[in-house]
file input.pdb (PDB, C-alpha atoms, pLDDT in the B column)
ATOM      1  CA  MET M   1     -28.784 -35.275 -23.879  1.00 79.00           C
ATOM      2  CA  SER M   2     -31.539 -33.006 -25.128  1.00 82.00           C
ATOM      3  CA  GLY M   3     -33.709 -36.010 -25.933  1.00 88.00           C
ATOM      4  CA  TRP M   4     -33.225 -37.389 -22.445  1.00 89.00           C
ATOM      5  CA  TRP M   5     -34.236 -34.074 -20.856  1.00 86.00           C
ATOM      6  CA  THR M   6     -37.356 -33.727 -22.987  1.00 89.00           C
ATOM      7  CA  SER M   7     -38.370 -37.293 -22.173  1.00 92.00           C
ATOM      8  CA  LEU M   8     -38.611 -36.398 -18.461  1.00 91.00           C
ATOM      9  CA  ASN M   9     -41.918 -35.230 -17.074  1.00 93.00           C
ATOM     10  CA  MET M  10     -42.232 -31.867 -15.263  1.00 94.00           C
ATOM     11  CA  ARG M  11     -41.925 -33.368 -11.787  1.00 95.00           C
ATOM     12  CA  GLU M  12     -38.619 -35.087 -12.638  1.00 93.00           C
ATOM     13  CA  ARG M  13     -37.265 -31.909 -14.245  1.00 92.00           C
ATOM     14  CA  GLY M  14     -38.183 -29.941 -11.127  1.00 94.00           C
ATOM     15  CA  LEU M  15     -36.492 -32.461  -8.837  1.00 95.00           C
ATOM     16  CA  ILE M  16     -33.318 -32.478 -10.942  1.00 94.00           C
ATOM     17  CA  GLY M  17     -33.328 -28.677 -11.041  1.00 94.00           C
ATOM     18  CA  LEU M  18     -33.764 -28.556  -7.258  1.00 96.00           C
ATOM     19  CA  ALA M  19     -30.897 -31.043  -6.795  1.00 96.00           C
ATOM     20  CA  ILE M  20     -28.645 -28.922  -9.028  1.00 96.00           C
ATOM     21  CA  ALA M  21     -29.572 -25.757  -7.120  1.00 96.00           C
ATOM     22  CA  LEU M  22     -28.935 -27.393  -3.736  1.00 96.00           C
ATOM     23  CA  THR M  23     -25.618 -28.861  -4.912  1.00 96.00           C
ATOM     24  CA  THR M  24     -24.552 -25.446  -6.232  1.00 95.00           C
ATOM     25  CA  GLY M  25     -25.512 -23.825  -2.930  1.00 94.00           C
ATOM     26  CA  VAL M  26     -23.553 -26.375  -0.875  1.00 94.00           C
ATOM     27  CA  LEU M  27     -20.495 -26.059  -3.124  1.00 94.00           C
ATOM     28  CA  LEU M  28     -20.677 -22.248  -2.956  1.00 93.00           C
ATOM     29  CA  TRP M  29     -20.902 -22.380   0.848  1.00 92.00           C
ATOM     30  CA  GLN M  30     -18.033 -24.863   1.228  1.00 92.00           C
ATOM     31  CA  ALA M  31     -15.697 -23.367  -1.376  1.00 92.00           C
ATOM     32  CA  VAL M  32     -16.297 -19.629  -0.953  1.00 92.00           C
ATOM     33  CA  LEU M  33     -18.389 -18.433   1.958  1.00 92.00           C
ATOM     34  CA  ALA M  34     -17.138 -20.636   4.819  1.00 93.00           C
ATOM     35  CA  PRO M  35     -13.408 -19.973   4.131  1.00 93.00           C
ATOM     36  CA  THR M  36     -14.099 -16.248   3.763  1.00 93.00           C
ATOM     37  CA  LEU M  37     -15.926 -16.077   7.085  1.00 93.00           C
ATOM     38  CA  ARG M  38     -13.171 -18.114   8.801  1.00 94.00           C
ATOM     39  CA  THR M  39     -10.470 -15.834   7.386  1.00 94.00           C
ATOM     40  CA  LYS M  40     -12.327 -12.734   8.531  1.00 94.00           C
ATOM     41  CA  ALA M  41     -12.763 -14.137  12.052  1.00 94.00           C
ATOM     42  CA  ASN M  42      -9.058 -15.071  12.217  1.00 94.00           C
ATOM     43  CA  ALA M  43      -8.038 -11.598  11.013  1.00 94.00           C
ATOM     44  CA  GLN M  44     -10.199  -9.942  13.671  1.00 94.00           C
ATOM     45  CA  ALA M  45      -8.690 -12.168  16.368  1.00 94.00           C
ATOM     46  CA  ASP M  46      -5.156 -11.344  15.140  1.00 93.00           C
ATOM     47  CA  LEU M  47      -5.961  -7.630  15.153  1.00 92.00           C
ATOM     48  CA  GLN M  48      -7.320  -7.839  18.693  1.00 93.00           C
ATOM     49  CA  GLU M  49      -4.219  -9.720  19.853  1.00 93.00           C
ATOM     50  CA  ALA M  50      -1.906  -7.186  18.174  1.00 91.00           C
ATOM     51  CA  SER M  51      -3.824  -4.321  19.761  1.00 90.00           C
ATOM     52  CA  GLN M  52      -3.509  -5.879  23.217  1.00 91.00           C
ATOM     53  CA  THR M  53       0.202  -6.504  22.689  1.00 90.00           C
ATOM     54  CA  LEU M  54       0.706  -2.903  21.605  1.00 88.00           C
ATOM     55  CA  ASP M  55      -1.156  -1.659  24.687  1.00 86.00           C
ATOM     56  CA  GLN M  56       1.040  -3.807  26.934  1.00 87.00           C
ATOM     57  CA  VAL M  57       4.248  -2.624  25.258  1.00 85.00           C
ATOM     58  CA  LEU M  58       3.234   1.014  25.485  1.00 82.00           C
ATOM     59  CA  GLU M  59       2.207   0.632  29.127  1.00 83.00           C
ATOM     60  CA  GLY M  60       5.496  -1.071  30.028  1.00 80.00           C
ATOM     61  CA  TYR M  61       7.507   1.506  28.113  1.00 77.00           C
ATOM     62  CA  SER M  62       5.670   4.378  29.812  1.00 76.00           C
ATOM     63  CA  ARG M  63       6.138   2.774  33.217  1.00 76.00           C
ATOM     64  CA  LYS M  64       9.880   2.317  32.644  1.00 72.00           C
ATOM     65  CA  ARG M  65      10.226   5.837  31.371  1.00 68.00           C
ATOM     66  CA  PHE M  66       8.286   7.309  34.280  1.00 66.00           C
ATOM     67  CA  SER M  67      10.299   5.377  36.848  1.00 66.00           C
ATOM     68  CA  GLY M  68      13.577   6.461  35.228  1.00 61.00           C
ATOM     69  CA  ASP M  69      14.697   2.908  34.468  1.00 59.00           C
ATOM     70  CA  LEU M  70      15.618   3.758  30.892  1.00 56.00           C
ATOM     71  CA  VAL M  71      19.367   3.916  30.524  1.00 49.00           C
ATOM     72  CA  SER M  72      20.828   7.250  29.500  1.00 49.00           C
ATOM     73  CA  ALA M  73      24.530   6.485  29.992  1.00 48.00           C
ATOM     74  CA  PRO M  74      26.561   4.901  27.218  1.00 49.00           C
ATOM     75  CA  LEU M  75      26.478   1.144  27.240  1.00 52.00           C
ATOM     76  CA  PRO M  76      29.174  -1.115  25.846  1.00 52.00           C
ATOM     77  CA  GLY M  77      28.866  -0.996  22.075  1.00 52.00           C
ATOM     78  CA  GLN M  78      26.984   2.305  22.144  1.00 52.00           C
ATOM     79  CA  VAL M  79      28.478   5.001  19.951  1.00 54.00           C
ATOM     80  CA  ILE M  80      28.417   8.702  20.790  1.00 60.00           C
ATOM     81  CA  LEU M  81      27.600  10.647  17.613  1.00 67.00           C
ATOM     82  CA  SER M  82      27.314  14.258  16.557  1.00 74.00           C
ATOM     83  CA  ALA M  83      23.761  15.563  16.058  1.00 76.00           C
ATOM     84  CA  ASP M  84      23.872  15.160  12.261  1.00 80.00           C
ATOM     85  CA  ALA M  85      25.526  11.761  12.478  1.00 82.00           C
ATOM     86  CA  PHE M  86      22.908  10.691  15.046  1.00 82.00           C
ATOM     87  CA  ARG M  87      20.057  11.737  12.748  1.00 86.00           C
ATOM     88  CA  GLY M  88      21.685   9.978   9.805  1.00 86.00           C
ATOM     89  CA  ALA M  89      22.328   6.809  11.794  1.00 87.00           C
ATOM     90  CA  VAL M  90      18.740   6.707  13.072  1.00 89.00           C
ATOM     91  CA  THR M  91      17.178   7.196   9.628  1.00 90.00           C
ATOM     92  CA  ARG M  92      19.592   4.719   8.025  1.00 91.00           C
ATOM     93  CA  ASP M  93      18.800   2.162  10.728  1.00 91.00           C
ATOM     94  CA  ALA M  94      15.061   2.643  10.110  1.00 92.00           C
ATOM     95  CA  ALA M  95      15.575   1.974   6.405  1.00 91.00           C
ATOM     96  CA  ASP M  96      17.714  -1.085   7.192  1.00 91.00           C
ATOM     97  CA  LYS M  97      14.913  -2.452   9.402  1.00 90.00           C
ATOM     98  CA  GLY M  98      12.366  -1.997   6.581  1.00 90.00           C
ATOM     99  CA  LEU M  99      10.655   1.095   7.991  1.00 91.00           C
ATOM    100  CA  SER M 100       9.680   3.836   5.562  1.00 90.00           C
ATOM    101  CA  ILE M 101       9.895   7.335   7.036  1.00 91.00           C
ATOM    102  CA  SER M 102       7.052   9.511   5.754  1.00 91.00           C
ATOM    103  CA  ARG M 103       8.225  12.753   7.299  1.00 91.00           C
ATOM    104  CA  LEU M 104      11.370  14.005   9.057  1.00 90.00           C
ATOM    105  CA  GLN M 105      11.289  17.345  10.878  1.00 88.00           C
ATOM    106  CA  GLY M 106      13.494  19.243  13.277  1.00 79.00           C
ATOM    107  CA  ASP M 107      16.191  21.860  12.878  1.00 64.00           C
ATOM    108  CA  ASP M 108      17.423  22.505  16.408  1.00 67.00           C
ATOM    109  CA  GLY M 109      20.243  19.976  16.079  1.00 66.00           C
ATOM    110  CA  ARG M 110      19.330  18.211  19.310  1.00 73.00           C
ATOM    111  CA  SER M 111      15.964  16.602  18.554  1.00 84.00           C
ATOM    112  CA  PHE M 112      13.869  15.725  15.544  1.00 89.00           C
ATOM    113  CA  SER M 113      10.525  14.124  14.674  1.00 92.00           C
ATOM    114  CA  LEU M 114       9.856  11.100  12.507  1.00 93.00           C
ATOM    115  CA  VAL M 115       6.490   9.983  11.124  1.00 94.00           C
ATOM    116  CA  PHE M 116       5.823   6.464   9.892  1.00 94.00           C
ATOM    117  CA  GLU M 117       2.479   6.013   8.081  1.00 92.00           C
ATOM    118  CA  ARG M 118       1.831   2.228   7.965  1.00 91.00           C
ATOM    119  CA  VAL M 119       4.178   0.090  10.036  1.00 92.00           C
ATOM    120  CA  GLN M 120       3.852  -3.072  12.052  1.00 92.00           C
ATOM    121  CA  PRO M 121       4.069  -2.268  15.789  1.00 92.00           C
ATOM    122  CA  GLN M 122       6.500  -5.084  16.558  1.00 92.00           C
ATOM    123  CA  GLN M 123       8.856  -3.935  13.799  1.00 92.00           C
ATOM    124  CA  PHE M 124       8.704  -0.319  14.971  1.00 93.00           C
ATOM    125  CA  PHE M 125       9.383  -1.098  18.643  1.00 92.00           C
ATOM    126  CA  PHE M 126      12.237  -3.425  17.679  1.00 92.00           C
ATOM    127  CA  TRP M 127      13.787  -0.539  15.755  1.00 93.00           C
ATOM    128  CA  LEU M 128      13.108   1.940  18.584  1.00 93.00           C
ATOM    129  CA  GLN M 129      14.792  -0.317  21.137  1.00 91.00           C
ATOM    130  CA  GLY M 130      17.831  -0.450  18.839  1.00 89.00           C
ATOM    131  CA  VAL M 131      17.897   3.348  18.553  1.00 89.00           C
ATOM    132  CA  GLU M 132      17.954   3.649  22.338  1.00 87.00           C
ATOM    133  CA  SER M 133      20.512   0.935  22.965  1.00 85.00           C
ATOM    134  CA  ASN M 134      22.828   1.450  19.975  1.00 84.00           C
ATOM    135  CA  PHE M 135      22.743   5.208  19.374  1.00 82.00           C
ATOM    136  CA  GLY M 136      21.753   6.629  22.766  1.00 83.00           C
ATOM    137  CA  GLY M 137      18.470   7.993  21.467  1.00 86.00           C
ATOM    138  CA  ARG M 138      15.701   8.999  23.827  1.00 88.00           C
ATOM    139  CA  VAL M 139      11.998   9.297  23.026  1.00 90.00           C
ATOM    140  CA  THR M 140      10.530  12.617  24.127  1.00 90.00           C
ATOM    141  CA  ARG M 141       7.080  12.098  22.584  1.00 92.00           C
ATOM    142  CA  LEU M 142       5.382   9.101  21.003  1.00 93.00           C
ATOM    143  CA  THR M 143       1.986   8.911  19.304  1.00 93.00           C
ATOM    144  CA  VAL M 144       0.627   5.624  17.948  1.00 92.00           C
ATOM    145  CA  GLU M 145      -2.644   5.325  16.023  1.00 93.00           C
ATOM    146  CA  GLN M 146      -4.141   2.145  14.627  1.00 92.00           C
ATOM    147  CA  VAL M 147      -4.793   2.397  10.867  1.00 89.00           C
ATOM    148  CA  GLY M 148      -6.033  -1.108  10.055  1.00 83.00           C
ATOM    149  CA  ASP M 149      -4.660  -4.473   8.969  1.00 85.00           C
ATOM    150  CA  GLY M 150      -2.597  -4.547  12.162  1.00 86.00           C
ATOM    151  CA  ALA M 151      -0.605  -1.522  11.017  1.00 91.00           C
ATOM    152  CA  VAL M 152      -0.131   1.694  12.942  1.00 93.00           C
ATOM    153  CA  ARG M 153       0.737   5.316  12.221  1.00 94.00           C
ATOM    154  CA  VAL M 154       3.551   6.472  14.483  1.00 94.00           C
ATOM    155  CA  SER M 155       4.898   9.924  15.250  1.00 94.00           C
ATOM    156  CA  VAL M 156       8.001   9.907  17.432  1.00 94.00           C
ATOM    157  CA  ASP M 157      10.216  12.732  18.690  1.00 92.00           C
ATOM    158  CA  LEU M 158      13.777  11.623  19.334  1.00 91.00           C
ATOM    159  CA  GLU M 159      16.726  13.344  20.916  1.00 88.00           C
ATOM    160  CA  GLN M 160      20.225  12.195  21.548  1.00 83.00           C
ATOM    161  CA  ALA M 161      20.513  11.508  25.258  1.00 74.00           C
ATOM    162  CA  ILE M 162      24.293  11.387  25.116  1.00 56.00           C
ATOM    163  CA  SER M 163      26.107  14.411  23.746  1.00 47.00           C
TER     164      SER M 163
END
call {"tool": "encode", "arguments": {"input": "input.pdb", "output": "structure tokens"}}
result
Amino acid sequence: MSGWWTSLNMRERGLIGLAIALTTGVLLWQAVLAPTLRTKANAQADLQEASQTLDQVLEGYSRKRFSGDLVSAPLPGQVILSADAFRGAVTRDAADKGLSISRLQGDDGRSFSLVFERVQPQQFFFWLQGVESNFGGRVTRLTVEQVGDGAVRVSVDLEQAIS
């Protein structure tokens, strides 16, 4: 192989070197750069879609809450719990749904605050709907902040609407 290379004149060596460089560049573009750029564009589109969905859910929830359409009477299958049992049921249900509670506060027996650091909005609102329909919980304050990768930081104050 070495003999073959040395037998080539400078022009041929340059052309072969250029061909190798161009082939390496094309392979690098096709195997690394193009898929990376496509993945980034898809992730940005998914994040935008999730953000719009979250805005729509929050707007609909606020509208229902403002109009008084949220149910506060016991529904079939809804259990009336003591304050401690309500808090325990809500936190247990969050854990069952795969939500990790970062902070739990509240000592007045009627309401308490939960903070979730990095959760998926769809998962959180699914859990929250279950808290309202299954345990008679009512949201008194809700703060949602986007933290990246489609995840959000949520602070929610809950109280038992049925006592």
call {"tool": "residues_around", "arguments": {"input": "input.pdb", "residues": "region 89-100 of chain M", "least_positions_apart": "6", "cutoff": "7 Å", "atoms": "all atoms listed in the file", "output": "PyMOL selection string"}}
result
chain M and resi 116+119+127+131
call {"tool": "write_last_selection", "arguments": {"input": "input.pdb", "atoms": "C-alpha atoms", "output": "compact mmCIF listing (two decimals), keeping the file's coordinate frame"}}
result
# COMPACT_ATOMS: atom_id res chain seq x y z
CA PHE M 116 5.82 6.46 9.89
CA VAL M 119 4.18 0.09 10.04
CA TRP M 127 13.79 -0.54 15.76
CA VAL M 131 17.90 3.35 18.55
call {"tool": "residues_around", "arguments": {"input": "input.pdb", "residues": "region 122-125 of chain M", "least_positions_apart": "3", "cutoff": "12 Å", "atoms": "only C-alpha atoms", "output": "VMD selection string"}}
result
chain M and resid 50 to 51 53 to 58 61 93 to 101 114 to 119 128 to 132 139 142 144 150 to 156
call {"tool": "write_last_selection", "arguments": {"input": "input.pdb", "atoms": "C-alpha atoms", "output": "PDB file, keeping the file's coordinate frame"}}
result
ATOM      1  CA  ALA M  50      -1.906  -7.186  18.174  1.00 91.00           C
ATOM      2  CA  SER M  51      -3.824  -4.321  19.761  1.00 90.00           C
ATOM      3  CA  THR M  53       0.202  -6.504  22.689  1.00 90.00           C
ATOM      4  CA  LEU M  54       0.706  -2.903  21.605  1.00 88.00           C
ATOM      5  CA  ASP M  55      -1.156  -1.659  24.687  1.00 86.00           C
ATOM      6  CA  GLN M  56       1.040  -3.807  26.934  1.00 87.00           C
ATOM      7  CA  VAL M  57       4.248  -2.624  25.258  1.00 85.00           C
ATOM      8  CA  LEU M  58       3.234   1.014  25.485  1.00 82.00           C
ATOM      9  CA  TYR M  61       7.507   1.506  28.113  1.00 77.00           C
ATOM     10  CA  ASP M  93      18.800   2.162  10.728  1.00 91.00           C
ATOM     11  CA  ALA M  94      15.061   2.643  10.110  1.00 92.00           C
ATOM     12  CA  ALA M  95      15.575   1.974   6.405  1.00 91.00           C
ATOM     13  CA  ASP M  96      17.714  -1.085   7.192  1.00 91.00           C
ATOM     14  CA  LYS M  97      14.913  -2.452   9.402  1.00 90.00           C
ATOM     15  CA  GLY M  98      12.366  -1.997   6.581  1.00 90.00           C
ATOM     16  CA  LEU M  99      10.655   1.095   7.991  1.00 91.00           C
ATOM     17  CA  SER M 100       9.680   3.836   5.562  1.00 90.00           C
ATOM     18  CA  ILE M 101       9.895   7.335   7.036  1.00 91.00           C
ATOM     19  CA  LEU M 114       9.856  11.100  12.507  1.00 93.00           C
ATOM     20  CA  VAL M 115       6.490   9.983  11.124  1.00 94.00           C
ATOM     21  CA  PHE M 116       5.823   6.464   9.892  1.00 94.00           C
ATOM     22  CA  GLU M 117       2.479   6.013   8.081  1.00 92.00           C
ATOM     23  CA  ARG M 118       1.831   2.228   7.965  1.00 91.00           C
ATOM     24  CA  VAL M 119       4.178   0.090  10.036  1.00 92.00           C
ATOM     25  CA  LEU M 128      13.108   1.940  18.584  1.00 93.00           C
ATOM     26  CA  GLN M 129      14.792  -0.317  21.137  1.00 91.00           C
ATOM     27  CA  GLY M 130      17.831  -0.450  18.839  1.00 89.00           C
ATOM     28  CA  VAL M 131      17.897   3.348  18.553  1.00 89.00           C
ATOM     29  CA  GLU M 132      17.954   3.649  22.338  1.00 87.00           C
ATOM     30  CA  VAL M 139      11.998   9.297  23.026  1.00 90.00           C
ATOM     31  CA  LEU M 142       5.382   9.101  21.003  1.00 93.00           C
ATOM     32  CA  VAL M 144       0.627   5.624  17.948  1.00 92.00           C
ATOM     33  CA  GLY M 150      -2.597  -4.547  12.162  1.00 86.00           C
ATOM     34  CA  ALA M 151      -0.605  -1.522  11.017  1.00 91.00           C
ATOM     35  CA  VAL M 152      -0.131   1.694  12.942  1.00 93.00           C
ATOM     36  CA  ARG M 153       0.737   5.316  12.221  1.00 94.00           C
ATOM     37  CA  VAL M 154       3.551   6.472  14.483  1.00 94.00           C
ATOM     38  CA  SER M 155       4.898   9.924  15.250  1.00 94.00           C
ATOM     39  CA  VAL M 156       8.001   9.907  17.432  1.00 94.00           C
TER      40      VAL M 156
END
call {"tool": "residues_near_point", "arguments": {"input": "input.pdb", "point": "(11.4, 18.6, 16.1)", "cutoff": "12 Å", "atoms": "all atoms listed in the file", "output": "MDAnalysis selection string"}}
result
chainID M and resid 87 103:115 139:141 155:159
call {"tool": "atom_distance", "arguments": {"input": "input.pdb", "atom1": "CA of Glu49 (chain M)", "atom2": "CA of Gln146 (chain M)"}}
result
13.0 Å
call {"tool": "axis_aligned_box", "arguments": {"input": "input.pdb", "around": "region 8-27 of chain M", "padding_each_side": "5 Å", "output": "AutoDock Vina command-line options"}}
result
--center_x -31.4 --center_y -30.1 --center_z -9.7 --size_x 31.7 --size_y 22.6 --size_z 27.6
call {"tool": "atom_distance", "arguments": {"input": "input.pdb", "atom1": "CA of Thr23 (chain M)", "atom2": "CA of Arg38 (chain M)"}}
result
21.4 Å
call {"tool": "atom_distance", "arguments": {"input": "input.pdb", "atom1": "CA of Gly137 (chain M)", "atom2": "CA of Ala161 (chain M)"}}
result
5.6 Å
call {"tool": "closest_residue", "arguments": {"input": "input.pdb", "among": "M:Trp29, M:Asp149, M:Ala83, M:Gln160", "to": "Asp46 (chain M)", "atoms": "only C-alpha atoms"}}
result
M:Asp149
call {"tool": "decode", "arguments": {"input": "input.pdb", "residues": "region 1-12 of chain M", "atoms": "all heavy atoms", "output": "mmCIF file, in the first residue's frame"}}
result
data_model
loop_
_atom_site.group_PDB
_atom_site.id
_atom_site.type_symbol
_atom_site.label_atom_id
_atom_site.label_comp_id
_atom_site.auth_asym_id
_atom_site.auth_seq_id
_atom_site.Cartn_x
_atom_site.Cartn_y
_atom_site.Cartn_z
ATOM 1 N N MET M 1 0.822 -1.185 0.000
ATOM 2 C CA MET M 1 0.000 0.000 0.000
ATOM 3 C C MET M 1 0.868 1.252 0.000
ATOM 4 O O MET M 1 0.557 2.218 -0.683
ATOM 5 C CB MET M 1 -0.914 -0.053 1.230
ATOM 6 C CG MET M 1 -1.881 1.060 1.308
ATOM 7 S SD MET M 1 -3.152 0.823 0.098
ATOM 8 C CE MET M 1 -4.361 1.919 0.653
ATOM 9 N N SER M 2 1.948 1.202 0.799
ATOM 10 C CA SER M 2 2.838 2.341 0.872
ATOM 11 C C SER M 2 3.528 2.584 -0.470
ATOM 12 O O SER M 2 3.717 3.722 -0.880
ATOM 13 C CB SER M 2 3.887 2.105 1.956
ATOM 14 O OG SER M 2 4.802 3.155 1.987
ATOM 15 N N GLY M 3 3.869 1.491 -1.143
ATOM 16 C CA GLY M 3 4.514 1.619 -2.452
ATOM 17 C C GLY M 3 3.569 2.242 -3.467
ATOM 18 O O GLY M 3 3.981 3.046 -4.318
ATOM 19 N N TRP M 4 2.316 1.856 -3.394
ATOM 20 C CA TRP M 4 1.324 2.416 -4.320
ATOM 21 C C TRP M 4 1.175 3.920 -4.103
ATOM 22 O O TRP M 4 1.125 4.688 -5.044
ATOM 23 C CB TRP M 4 -0.015 1.710 -4.109
ATOM 24 C CG TRP M 4 -1.145 2.354 -4.857
ATOM 25 C CD1 TRP M 4 -1.406 2.217 -6.179
ATOM 26 C CD2 TRP M 4 -2.124 3.256 -4.334
ATOM 27 N NE1 TRP M 4 -2.498 2.963 -6.532
ATOM 28 C CE2 TRP M 4 -2.969 3.619 -5.396
ATOM 29 C CE3 TRP M 4 -2.371 3.793 -3.088
ATOM 30 C CZ2 TRP M 4 -4.034 4.475 -5.239
ATOM 31 C CZ3 TRP M 4 -3.435 4.636 -2.939
ATOM 32 C CH2 TRP M 4 -4.263 4.979 -4.008
ATOM 33 N N TRP M 5 1.123 4.325 -2.838
ATOM 34 C CA TRP M 5 0.948 5.752 -2.514
ATOM 35 C C TRP M 5 2.151 6.569 -2.987
ATOM 36 O O TRP M 5 1.996 7.655 -3.536
ATOM 37 C CB TRP M 5 0.734 5.920 -1.013
ATOM 38 C CG TRP M 5 0.529 7.348 -0.602
ATOM 39 C CD1 TRP M 5 1.414 8.140 0.035
ATOM 40 C CD2 TRP M 5 -0.638 8.147 -0.798
ATOM 41 N NE1 TRP M 5 0.898 9.383 0.246
ATOM 42 C CE2 TRP M 5 -0.399 9.416 -0.260
ATOM 43 C CE3 TRP M 5 -1.866 7.924 -1.400
ATOM 44 C CZ2 TRP M 5 -1.310 10.452 -0.299
ATOM 45 C CZ3 TRP M 5 -2.780 8.953 -1.427
ATOM 46 C CH2 TRP M 5 -2.511 10.203 -0.878
ATOM 47 N N THR M 6 3.347 6.045 -2.757
ATOM 48 C CA THR M 6 4.541 6.785 -3.166
ATOM 49 C C THR M 6 4.695 6.830 -4.681
ATOM 50 O O THR M 6 5.352 7.723 -5.223
ATOM 51 C CB THR M 6 5.811 6.179 -2.542
ATOM 52 O OG1 THR M 6 5.888 4.804 -2.867
ATOM 53 C CG2 THR M 6 5.834 6.387 -1.046
ATOM 54 N N SER M 7 4.080 5.877 -5.374
ATOM 55 C CA SER M 7 4.187 5.884 -6.836
ATOM 56 C C SER M 7 3.282 6.942 -7.472
ATOM 57 O O SER M 7 3.426 7.252 -8.651
ATOM 58 C CB SER M 7 3.851 4.496 -7.401
ATOM 59 O OG SER M 7 2.472 4.224 -7.230
ATOM 60 N N LEU M 8 2.342 7.496 -6.700
ATOM 61 C CA LEU M 8 1.448 8.524 -7.241
ATOM 62 C C LEU M 8 2.152 9.870 -7.258
ATOM 63 O O LEU M 8 2.961 10.178 -6.382
ATOM 64 C CB LEU M 8 0.183 8.630 -6.375
ATOM 65 C CG LEU M 8 -0.706 7.391 -6.292
ATOM 66 C CD1 LEU M 8 -1.834 7.628 -5.294
ATOM 67 C CD2 LEU M 8 -1.264 7.037 -7.656
ATOM 68 N N ASN M 9 1.822 10.687 -8.261
ATOM 69 C CA ASN M 9 2.418 12.018 -8.279
ATOM 70 C C ASN M 9 1.611 12.924 -7.334
ATOM 71 O O ASN M 9 0.563 12.542 -6.819
ATOM 72 C CB ASN M 9 2.506 12.571 -9.705
ATOM 73 C CG ASN M 9 1.142 12.776 -10.340
ATOM 74 O OD1 ASN M 9 0.179 13.059 -9.640
ATOM 75 N ND2 ASN M 9 1.088 12.641 -11.652
ATOM 76 N N MET M 10 2.058 14.145 -7.124
ATOM 77 C CA MET M 10 1.453 15.057 -6.152
ATOM 78 C C MET M 10 0.001 15.389 -6.511
ATOM 79 O O MET M 10 -0.850 15.501 -5.643
ATOM 80 C CB MET M 10 2.264 16.354 -6.060
ATOM 81 C CG MET M 10 3.542 16.213 -5.251
ATOM 82 S SD MET M 10 3.219 15.649 -3.593
ATOM 83 C CE MET M 10 2.763 17.173 -2.835
ATOM 84 N N ARG M 11 -0.272 15.550 -7.782
ATOM 85 C CA ARG M 11 -1.633 15.892 -8.204
ATOM 86 C C ARG M 11 -2.606 14.771 -7.839
ATOM 87 O O ARG M 11 -3.706 15.012 -7.329
ATOM 88 C CB ARG M 11 -1.647 16.142 -9.708
ATOM 89 C CG ARG M 11 -3.007 16.494 -10.208
ATOM 90 C CD ARG M 11 -2.945 16.895 -11.683
ATOM 91 N NE ARG M 11 -4.294 17.077 -12.165
ATOM 92 C CZ ARG M 11 -4.803 16.496 -13.221
ATOM 93 N NH1 ARG M 11 -4.048 15.720 -13.973
ATOM 94 N NH2 ARG M 11 -6.040 16.714 -13.583
ATOM 95 N N GLU M 12 -2.221 13.517 -8.094
ATOM 96 C CA GLU M 12 -3.077 12.380 -7.770
ATOM 97 C C GLU M 12 -3.269 12.253 -6.260
ATOM 98 O O GLU M 12 -4.373 11.963 -5.782
ATOM 99 C CB GLU M 12 -2.477 11.093 -8.348
ATOM 100 C CG GLU M 12 -2.522 11.056 -9.866
ATOM 101 C CD GLU M 12 -1.724 9.899 -10.447
ATOM 102 O OE1 GLU M 12 -0.768 9.424 -9.788
ATOM 103 O OE2 GLU M 12 -2.064 9.476 -11.566
#
